[in-house]
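Next comes start-v7.cif, with mmCIF, C-alpha atoms.
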```
data_run
loop_
_atom_site.label_atom_id
_atom_site.label_comp_id
_atom_site.auth_asym_id
_atom_site.auth_seq_id
_atom_site.Cartn_x
_atom_site.Cartn_y
_atom_site.Cartn_z
CA GLY A 1 0.00 0.00 0.00
CA VAL A 2 3.04 2.33 -0.11
CA LEU A 3 3.26 3.44 -3.73
CA SER A 4 7.03 3.95 -3.93
CA VAL A 5 7.72 0.56 -2.33
CA ASP A 6 5.17 -1.18 -4.54
CA GLN A 7 6.75 0.31 -7.66
CA ILE A 8 10.20 -1.09 -6.83
CA LEU A 9 8.92 -4.50 -5.80
CA SER A 10 6.68 -4.80 -8.85
CA LEU A 11 9.86 -5.04 -10.93
CA VAL A 12 11.16 -8.16 -9.14
CA GLU A 13 8.11 -10.40 -9.74
CA ALA A 14 6.05 -12.50 -7.36
CA TYR A 15 7.11 -10.68 -4.24
CA GLU A 16 5.67 -11.26 -0.79
CA ILE A 17 5.77 -8.89 2.17
CA GLU A 18 4.81 -9.66 5.77
CA ARG A 19 5.56 -8.50 9.28
CA VAL A 20 8.75 -9.94 10.74
CA PHE A 21 7.13 -10.52 14.14
CA PRO A 22 3.78 -12.35 14.38
CA ILE A 23 1.08 -10.51 16.28
CA ASP A 24 0.75 -11.53 19.91
CA PRO A 25 -2.30 -9.68 21.30
CA ARG A 26 -0.84 -9.83 24.81
CA THR A 27 2.27 -7.85 23.86
CA GLU A 28 1.32 -6.00 20.67
CA GLU A 29 1.24 -2.64 22.45
CA LYS A 30 4.81 -3.10 23.70
CA ALA A 31 5.94 -4.25 20.26
CA ARG A 32 4.50 -1.10 18.70
CA GLU A 33 6.10 1.13 21.31
CA ALA A 34 9.43 -0.46 20.38
CA GLY A 35 8.75 -0.06 16.65
CA LEU A 36 8.96 -3.79 15.94
CA HIS A 37 5.69 -3.69 13.99
CA LEU A 38 7.49 -1.58 11.37
CA TRP A 39 9.89 -4.36 10.37
CA TYR A 40 8.84 -6.39 7.33
CA VAL A 41 10.39 -9.33 5.53
CA VAL A 42 10.32 -9.09 1.74
CA ARG A 43 10.65 -12.17 -0.48
CA PHE A 44 10.99 -11.99 -4.25
CA SER A 45 12.19 -13.80 -7.36
CA GLU A 46 15.63 -15.39 -7.05
CA ASP A 47 16.41 -13.96 -10.46
CA ALA A 48 16.50 -10.46 -8.98
CA SER A 49 19.66 -9.01 -7.43
CA VAL A 50 19.33 -8.86 -3.65
CA ASP A 51 21.91 -6.08 -3.46
CA GLN A 52 20.11 -4.01 -6.11
CA VAL A 53 16.69 -4.39 -4.49
CA ALA A 54 18.18 -3.41 -1.12
CA ALA A 55 19.90 -0.38 -2.65
CA ASP A 56 16.70 0.75 -4.39
CA LEU A 57 14.61 0.40 -1.23
CA SER A 58 17.24 2.22 0.85
CA LYS A 59 16.83 5.32 -1.29
CA LEU A 60 13.18 5.70 -0.34
CA GLY A 61 12.15 8.15 2.35
CA GLU A 62 9.49 5.68 3.48
CA VAL A 63 12.15 3.05 4.27
CA SER A 64 14.23 3.64 7.38
CA ARG A 65 16.58 0.64 7.38
CA VAL A 66 17.32 -2.43 5.28
CA ALA A 67 18.91 -5.60 6.66
CA PHE A 68 19.87 -8.85 4.93
CA ASN A 69 18.46 -12.12 6.24
CA ARG A 70 21.78 -13.88 6.72
CA THR A 71 22.14 -17.55 7.64
CA LEU A 72 23.66 -18.26 11.04
CA LYS A 73 26.81 -20.38 10.91
CA ARG A 74 27.87 -23.12 13.29
CA ALA A 75 31.21 -22.71 15.01
CA SER A 76 31.56 -26.49 15.40
CA THR A 77 29.87 -29.67 14.22
CA GLN A 78 31.57 -32.00 16.69
CA LYS A 79 29.26 -34.32 18.58
CA ALA A 80 29.40 -34.70 22.34
CA LYS A 81 31.54 -37.62 23.47
CA PRO A 82 30.18 -39.68 26.37
CA LEU A 83 32.41 -40.57 29.29
CA THR A 84 33.70 -44.14 29.33
CA PRO A 85 32.11 -46.50 31.92
CA GLU A 86 35.52 -47.02 33.54
CA LEU A 87 36.09 -43.29 34.03
CA VAL A 88 32.58 -42.88 35.41
CA ARG A 89 33.29 -45.61 37.97
CA GLN A 90 36.49 -43.89 39.05
CA LEU A 91 34.87 -40.49 39.30
CA THR A 92 31.84 -41.66 41.27
CA SER A 93 33.91 -43.70 43.70
CA THR A 94 36.58 -41.11 44.49
CA LYS A 95 34.50 -38.00 45.16
CA ALA A 96 31.09 -37.98 46.76
CA GLY A 97 30.16 -34.28 46.71
CA ALA A 98 26.53 -33.82 45.75
CA GLN A 99 24.19 -36.75 45.17
CA ASP A 100 24.71 -36.67 41.39
CA PRO A 101 27.18 -39.31 40.18
CA LEU A 102 29.15 -37.09 37.79
CA TYR A 103 29.51 -34.13 40.14
CA GLY A 104 33.06 -35.19 40.86
CA PHE A 105 33.97 -34.56 37.24
CA GLN A 106 32.60 -31.00 37.27
CA TRP A 107 35.76 -29.10 38.17
CA ASN A 108 34.09 -25.93 36.91
CA LEU A 109 31.65 -26.10 39.85
CA ASN A 110 34.03 -27.32 42.56
CA ASN A 111 37.71 -27.85 41.88
CA ASP A 112 39.85 -29.32 44.64
CA GLY A 113 42.58 -30.37 42.20
CA SER A 114 41.97 -34.11 42.62
CA LEU A 115 41.01 -34.67 38.98
CA GLN A 116 44.63 -34.16 37.97
CA ASN A 117 45.47 -37.57 39.42
CA LEU A 118 42.63 -39.27 37.54
CA LEU A 119 43.17 -37.56 34.21
CA ASP A 120 46.94 -37.46 34.10
CA ASP A 121 47.19 -36.87 30.39
CA ALA A 122 49.25 -34.48 28.29
CA LYS A 123 46.05 -33.28 26.63
CA VAL A 124 44.50 -32.29 29.95
CA THR A 125 45.23 -28.86 31.41
CA LYS A 126 46.34 -28.82 35.03
CA PHE A 127 43.35 -28.83 37.38
CA ALA A 128 44.37 -26.06 39.76
CA ALA A 129 42.48 -26.22 43.05
CA GLY A 130 40.10 -23.29 43.36
CA ALA A 131 39.81 -22.67 39.61
CA ASP A 132 36.02 -22.86 39.62
CA ILE A 133 32.92 -20.68 40.01
CA ARG A 134 32.50 -21.48 43.73
CA ALA A 135 29.12 -23.06 43.10
CA GLU A 136 28.81 -24.53 46.57
CA GLY A 137 29.01 -21.07 48.11
CA ALA A 138 26.27 -19.88 45.76
CA TRP A 139 24.11 -22.94 46.51
CA ALA A 140 24.24 -22.05 50.20
CA LYS A 141 22.30 -18.90 49.28
CA CYS A 142 20.10 -20.14 46.41
CA THR A 143 19.96 -23.17 44.13
CA GLY A 144 17.72 -21.60 41.51
CA HIS A 145 14.06 -20.55 41.41
CA PRO A 146 11.30 -21.61 38.97
CA ASP A 147 10.25 -17.98 38.44
CA ILE A 148 13.50 -17.50 36.49
CA ILE A 149 13.05 -18.70 32.90
CA VAL A 150 16.17 -19.05 30.76
CA ALA A 151 15.66 -19.14 26.98
CA VAL A 152 18.31 -21.34 25.35
CA LEU A 153 18.85 -20.13 21.75
CA ASP A 154 20.76 -23.09 20.37
CA GLU A 155 20.11 -26.57 19.06
CA GLY A 156 16.98 -28.11 20.50
CA VAL A 157 16.91 -29.20 24.14
CA ASP A 158 15.97 -32.82 24.88
CA VAL A 159 12.76 -32.07 26.78
CA THR A 160 12.41 -35.73 27.89
CA HIS A 161 15.95 -36.09 29.26
CA PRO A 162 15.71 -37.53 32.82
CA ASP A 163 18.06 -34.86 34.19
CA LEU A 164 16.25 -31.99 32.40
CA LYS A 165 12.55 -32.78 32.11
CA ASP A 166 11.59 -31.53 35.58
CA ASN A 167 13.16 -28.14 34.94
CA MET A 168 11.73 -27.51 31.46
CA TRP A 169 9.51 -24.48 30.98
CA VAL A 170 5.92 -25.51 30.28
CA ASN A 171 3.38 -23.45 28.35
CA GLU A 172 0.30 -24.97 29.95
CA GLY A 173 -2.03 -23.79 27.20
CA GLU A 174 -0.29 -25.76 24.45
CA VAL A 175 0.16 -29.38 23.37
CA PHE A 176 3.72 -30.29 22.35
CA GLY A 177 4.09 -30.19 18.56
CA SER A 178 0.40 -29.39 17.91
CA ILE A 179 -0.54 -27.53 14.72
CA ASP A 180 -3.03 -25.42 16.68
CA ASP A 181 -2.05 -22.16 18.37
CA ALA A 182 -4.15 -22.72 21.47
CA ASP A 183 -2.96 -19.66 23.41
CA GLY A 184 -2.96 -17.27 20.44
CA ASN A 185 0.64 -16.13 20.81
CA GLY A 186 1.41 -16.71 17.12
CA TYR A 187 3.22 -20.03 17.62
CA ALA A 188 1.45 -23.40 17.46
CA GLY A 189 2.30 -26.27 19.80
CA ASP A 190 4.96 -24.38 21.74
CA ARG A 191 4.68 -26.29 25.01
CA HIS A 192 8.41 -26.17 25.86
CA GLY A 193 9.50 -23.54 23.36
CA TYR A 194 9.63 -23.43 19.59
CA ASN A 195 11.66 -24.77 16.67
CA PHE A 196 12.25 -21.58 14.68
CA VAL A 197 14.23 -23.39 11.98
CA LYS A 198 11.37 -25.74 11.04
CA GLN A 199 8.60 -23.40 12.26
CA THR A 200 6.98 -25.96 14.53
CA GLY A 201 6.41 -26.49 18.22
CA LYS A 202 8.21 -29.82 17.97
CA ILE A 203 11.70 -29.42 19.42
CA THR A 204 14.06 -31.90 17.71
CA VAL A 205 17.31 -33.48 18.91
CA ASN A 206 17.56 -36.73 16.94
CA SER A 207 19.13 -35.75 13.62
CA ARG A 208 22.42 -37.45 12.82
CA TYR A 209 23.85 -33.94 12.47
CA ASP A 210 22.73 -32.71 15.89
CA THR A 211 25.66 -32.34 18.26
CA GLY A 212 23.76 -32.30 21.56
CA HIS A 213 24.89 -28.75 22.29
CA GLY A 214 21.43 -27.42 23.22
CA SER A 215 20.92 -30.13 25.82
CA HIS A 216 24.49 -29.67 27.06
CA VAL A 217 23.92 -25.94 27.63
CA ALA A 218 20.57 -26.62 29.32
CA GLY A 219 22.28 -29.14 31.61
CA VAL A 220 24.93 -26.66 32.68
CA ILE A 221 22.14 -24.25 33.59
CA ALA A 222 19.47 -26.46 35.13
CA ALA A 223 20.08 -30.21 35.23
CA THR A 224 18.15 -31.39 38.30
CA ASN A 225 20.46 -31.39 41.31
CA ASN A 226 20.62 -34.15 43.94
CA ASN A 227 18.43 -36.60 42.01
CA GLY A 228 21.09 -39.30 41.68
CA ILE A 229 21.21 -38.87 37.89
CA GLY A 230 23.96 -37.46 35.69
CA ILE A 231 25.46 -34.10 36.55
CA SER A 232 24.84 -31.18 38.87
CA SER A 233 24.05 -27.72 37.53
CA ILE A 234 24.38 -24.09 38.48
CA ALA A 235 20.70 -23.46 39.16
CA GLY A 236 18.91 -26.82 38.99
CA GLY A 237 17.32 -26.72 42.44
CA ASN A 238 18.29 -28.96 45.34
CA GLY A 239 16.21 -32.07 44.85
CA SER A 240 13.27 -31.05 47.02
CA GLN A 241 13.02 -27.59 45.45
CA PRO A 242 12.87 -26.99 41.66
CA GLY A 243 15.44 -24.89 39.88
CA VAL A 244 15.18 -22.34 37.10
CA LYS A 245 13.14 -23.26 34.03
CA VAL A 246 14.61 -23.78 30.55
CA MET A 247 12.75 -22.61 27.44
CA SER A 248 14.07 -24.19 24.22
CA CYS A 249 14.28 -21.69 21.37
CA GLN A 250 15.73 -23.83 18.59
CA ILE A 251 17.74 -21.93 15.97
CA PHE A 252 19.94 -24.85 14.82
CA SER A 253 18.42 -28.11 13.67
CA GLY A 254 20.47 -31.02 12.36
CA ALA A 255 22.32 -29.93 9.23
CA TYR A 256 20.26 -26.74 9.11
CA ALA A 257 21.02 -23.40 10.67
CA GLY A 258 18.47 -20.70 11.25
CA THR A 259 18.63 -17.23 9.82
CA LEU A 260 18.70 -13.77 11.33
CA LEU A 261 14.91 -13.81 10.92
CA ASP A 262 14.64 -16.96 13.07
CA GLU A 263 16.98 -15.49 15.67
CA VAL A 264 15.11 -12.21 16.16
CA ARG A 265 11.77 -13.98 16.32
CA ALA A 266 13.20 -16.29 18.98
CA ILE A 267 14.44 -13.30 20.99
CA LYS A 268 11.05 -11.57 20.97
CA TYR A 269 9.26 -14.87 21.64
CA ALA A 270 11.41 -15.38 24.73
CA ALA A 271 10.58 -11.94 26.10
CA ASP A 272 6.87 -12.27 25.37
CA ASN A 273 6.58 -15.69 27.01
CA GLY A 274 8.28 -15.06 30.31
CA ALA A 275 12.02 -15.60 29.80
CA VAL A 276 14.27 -13.13 31.60
CA ILE A 277 17.65 -14.52 30.52
CA LEU A 278 18.80 -15.25 26.95
CA GLN A 279 21.51 -17.93 26.77
CA CYS A 280 23.25 -17.61 23.40
CA SER A 281 26.25 -19.95 23.38
CA TRP A 282 27.37 -18.60 20.01
CA GLY A 283 28.44 -15.22 18.75
CA TYR A 284 30.32 -13.22 16.15
CA ASN A 285 33.81 -13.36 14.83
CA SER A 286 35.72 -10.50 16.42
CA ALA A 287 37.03 -7.57 14.39
CA LEU A 288 40.47 -9.19 14.72
CA ALA A 289 39.42 -12.55 13.20
CA ASN A 290 42.10 -13.93 10.89
CA MET A 291 41.04 -13.66 7.24
CA MET A 292 44.00 -15.87 6.26
CA MET A 293 42.32 -18.70 8.19
CA GLY A 294 39.01 -18.18 6.44
CA TYR A 295 37.27 -16.05 9.08
CA THR A 296 35.38 -12.91 8.13
CA PRO A 297 36.05 -10.16 10.67
CA GLY A 298 33.02 -9.00 12.63
CA PRO A 299 32.00 -5.56 13.91
CA ALA A 300 34.58 -3.67 15.97
CA SER A 301 32.20 -1.58 18.09
CA GLU A 302 28.62 -1.47 19.30
CA GLU A 303 27.94 1.36 16.85
CA GLU A 304 29.26 -0.70 13.94
CA TRP A 305 27.28 -3.73 15.10
CA GLY A 306 24.07 -1.68 15.26
CA GLY A 307 24.68 -0.41 11.74
CA LEU A 308 25.30 -3.89 10.33
CA TYR A 309 22.52 -5.66 12.25
CA PRO A 310 19.80 -3.10 13.03
CA LEU A 311 17.02 -5.69 13.24
CA GLU A 312 18.98 -7.80 15.70
CA LYS A 313 19.74 -4.72 17.80
CA ASP A 314 16.05 -3.78 17.89
CA ALA A 315 15.11 -7.32 18.97
CA LEU A 316 17.75 -7.42 21.73
CA ASP A 317 16.77 -3.96 22.94
CA TYR A 318 13.18 -5.19 23.13
CA PHE A 319 14.23 -8.16 25.25
CA ILE A 320 16.43 -6.09 27.55
CA HIS A 321 13.71 -3.51 28.19
CA ASN A 322 10.53 -5.62 28.02
CA ALA A 323 11.30 -9.04 29.49
CA GLY A 324 10.20 -9.66 33.06
CA SER A 325 7.90 -7.23 34.83
CA PRO A 326 7.99 -4.57 37.58
CA ASN A 327 6.26 -7.02 39.93
CA GLY A 328 8.28 -10.09 38.91
CA VAL A 329 11.68 -11.45 39.86
CA ILE A 330 13.41 -9.29 37.28
CA GLU A 331 12.29 -6.17 35.43
CA GLY A 332 13.97 -6.34 32.05
CA GLY A 333 16.08 -9.07 30.51
CA ILE A 334 19.71 -10.16 30.51
CA ALA A 335 21.32 -11.42 27.27
CA ILE A 336 24.41 -13.66 27.53
CA PHE A 337 26.53 -14.38 24.44
CA ALA A 338 29.65 -16.46 23.99
CA ALA A 339 32.99 -14.87 23.12
CA GLY A 340 35.95 -16.07 21.10
CA ASN A 341 34.22 -18.87 19.18
CA GLU A 342 36.51 -18.28 16.23
#
```
Written as structure tokens, how would this file's structure read?
Amino acid sequence: GVLSVDQILSLVEAYEIERVFPIDPRTEEKAREAGLHLWYVVRFSEDASVDQVAADLSKLGEVSRVAFNRTLKRASTQKAKPLTPELVRQLTSTKAGAQDPLYGFQWNLNNDGSLQNLLDDAKVTKFAAGADIRAEGAWAKCTGHPDIIVAVLDEGVDVTHPDLKDNMWVNEGEVFGSIDDADGNGYAGDRHGYNFVKQTGKITVNSRYDTGHGSHVAGVIAATNNNGIGISSIAGGNGSQPGVKVMSCQIFSGAYAGTLLDEVRAIKYAADNGAVILQCSWGYNSALANMMMGYTPGPASEEEWGGLYPLEKDALDYFIHNAGSPNGVIEGGIAIFAAGNE
């Protein structure tokens, strides 16, 4: 309905235009205040030049910003390697710690240096006593609280995993994987989150190309503590009390990676559905990335990042300012990204 835009797009044949962010009646007012309703995705004939269409649209006074829908790229495709039964027996017999059998292996939580004797290998870095996050001191104050929802933007999380299932976020109004949007939030079947790559409420973890990274990250955050299964976690409760809740926002699926469009929708979805922390165990190449090794340097400053990825910046700003609530555990959201993946 904007004449100048229609004239340009009429030249590229069979174009489609739609809002980037689906309407969620519960949060539409906030989305409009943030200007997210003004972002549109434009699809057109593959015979047309993307760069030329972007350049033509950028010249229009009616168009504020243009961003490319880039594909996200995996930093690694290595699968998780399970511990050997022999090593598990050694670890569980030499260090009691919490009531989870693999807690003794988690030097990042509690490091007394004893693992050096078990894993005396040239490939293993020295396990210096005290090189940990002092988890036990934190657990003395709090072991996690179910009002804290952490959105894991990653591969899918195994929602049936025995060490994770009790701490998964549950959207009570939805049936897992259903094609019906029962709660009207714009996403069908999103009982534990949403698969933004395949656009379905069915979170997947079983592709031969899945690495297990989403479940790994979720376990670090909120594997159920003191249940006699697997590992301990930072905020997985204490056995009798539940820990934080994990919302699976799947942006990698098997051999497929999501796009910037999937990412920003996942970020807004997390804010609109109760998450107050974004866990993004991925990131950008730094500005100093080595081109000789095949890495494309990333933005060198926040200003440069905002210029290159304005849609992503708008989505993250929305999460930071609109997640949580004044009467909740947190007002606003916290976004955590990885560093140095290249």
Item checked: Picked residues, the PyMOL selection byres ((chain A and resi 184-192) around 6), as a PyMOL selection string -> chain A and resi 22+24+169-171+174-183+193-194+201+247
Export, as an mmCIF file, in the coordinates of the input, the selected residues with C-alpha atoms.
```cif
data_model
loop_
_atom_site.group_PDB
_atom_site.id
_atom_site.type_symbol
_atom_site.label_atom_id
_atom_site.label_comp_id
_atom_site.auth_asym_id
_atom_site.auth_seq_id
_atom_site.Cartn_x
_atom_site.Cartn_y
_atom_site.Cartn_z
ATOM 1 C CA PRO A 22 3.780 -12.350 14.380
ATOM 2 C CA ASP A 24 0.750 -11.530 19.910
ATOM 3 C CA TRP A 169 9.510 -24.480 30.980
ATOM 4 C CA VAL A 170 5.920 -25.510 30.280
ATOM 5 C CA ASN A 171 3.380 -23.450 28.350
ATOM 6 C CA GLU A 174 -0.290 -25.760 24.450
ATOM 7 C CA VAL A 175 0.160 -29.380 23.370
ATOM 8 C CA PHE A 176 3.720 -30.290 22.350
ATOM 9 C CA GLY A 177 4.090 -30.190 18.560
ATOM 10 C CA SER A 178 0.400 -29.390 17.910
ATOM 11 C CA ILE A 179 -0.540 -27.530 14.720
ATOM 12 C CA ASP A 180 -3.030 -25.420 16.680
ATOM 13 C CA ASP A 181 -2.050 -22.160 18.370
ATOM 14 C CA ALA A 182 -4.150 -22.720 21.470
ATOM 15 C CA ASP A 183 -2.960 -19.660 23.410
ATOM 16 C CA GLY A 193 9.500 -23.540 23.360
ATOM 17 C CA TYR A 194 9.630 -23.430 19.590
ATOM 18 C CA GLY A 201 6.410 -26.490 18.220
ATOM 19 C CA MET A 247 12.750 -22.610 27.440
#
```
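Distance annotation: of A:Gly219, A:Thr71, A:Val159, A:Ala235, the residue with the minimal separation from Asn206 (chain A) is A:Val159; atom set is only C-alpha atoms.
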Next item on the list: Could you tell me which residues the PyMOL selection byres ((chain A and resi 222) around 10) grabs in this file, written as a PyMOL selection string?
Entry: chain A and resi 143-144+150+163-168+217-221+223-225+231-237+242-246
Check: Any idea what the distance is between CA of Ile17 (chain A) and CA of Asn195 (chain A)?
Finding: 22.3 Å
Item checked: Atomic separation - CA of Phe68 (chain A) relative to CA of Val41 (chain A), Å ->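 If I compute the distance from CA of Val41 (chain A) to CA of Phe68 (chain A), I get 9.5 Å.
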Notebook entry, point to check: Hey, which of A:Leu83, A:Asn290, A:His321, A:Ile149 ends up closest to Leu278 (chain A)? Count all atoms listed in the file.
Noted result: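 Of A:Leu83, A:Asn290, A:His321, A:Ile149, the one nearest Leu278 (chain A), counting all atoms listed in the file, is A:Ile149.
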Check: So how many Å separate CA of Ser253 (chain A) and CA of Asp210 (chain A), to one decimal?
Finding: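 Here the two named atoms are 6.7 Å from each other.
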Check: Exactly which residues make up the result of the PyMOL selection byres ((chain A and resi 44) around 8) on this file, given as a PyMOL selection string?
Finding: chain A and resi 9+12-16+42-43+45-46+48
Margin query: Could you check the closest approach to Asp154 (chain A) for each of A:Gly239, A:Gly283, A:Gly113, A:Gly274 and tell me which residue wins, using all atoms listed in the file?
Written below: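 Checking each candidate against Asp154 (chain A), we get A:Gly283 as the closest.
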Check: Can you tell me, as a VMD selection string, what residues are no more than 12 Å from Glu29 (chain A) when counting all atoms listed in the file, ignoring any on the same chain fewer than 6 positions away?
Finding: chain A and resid 23 35 to 37 272 322
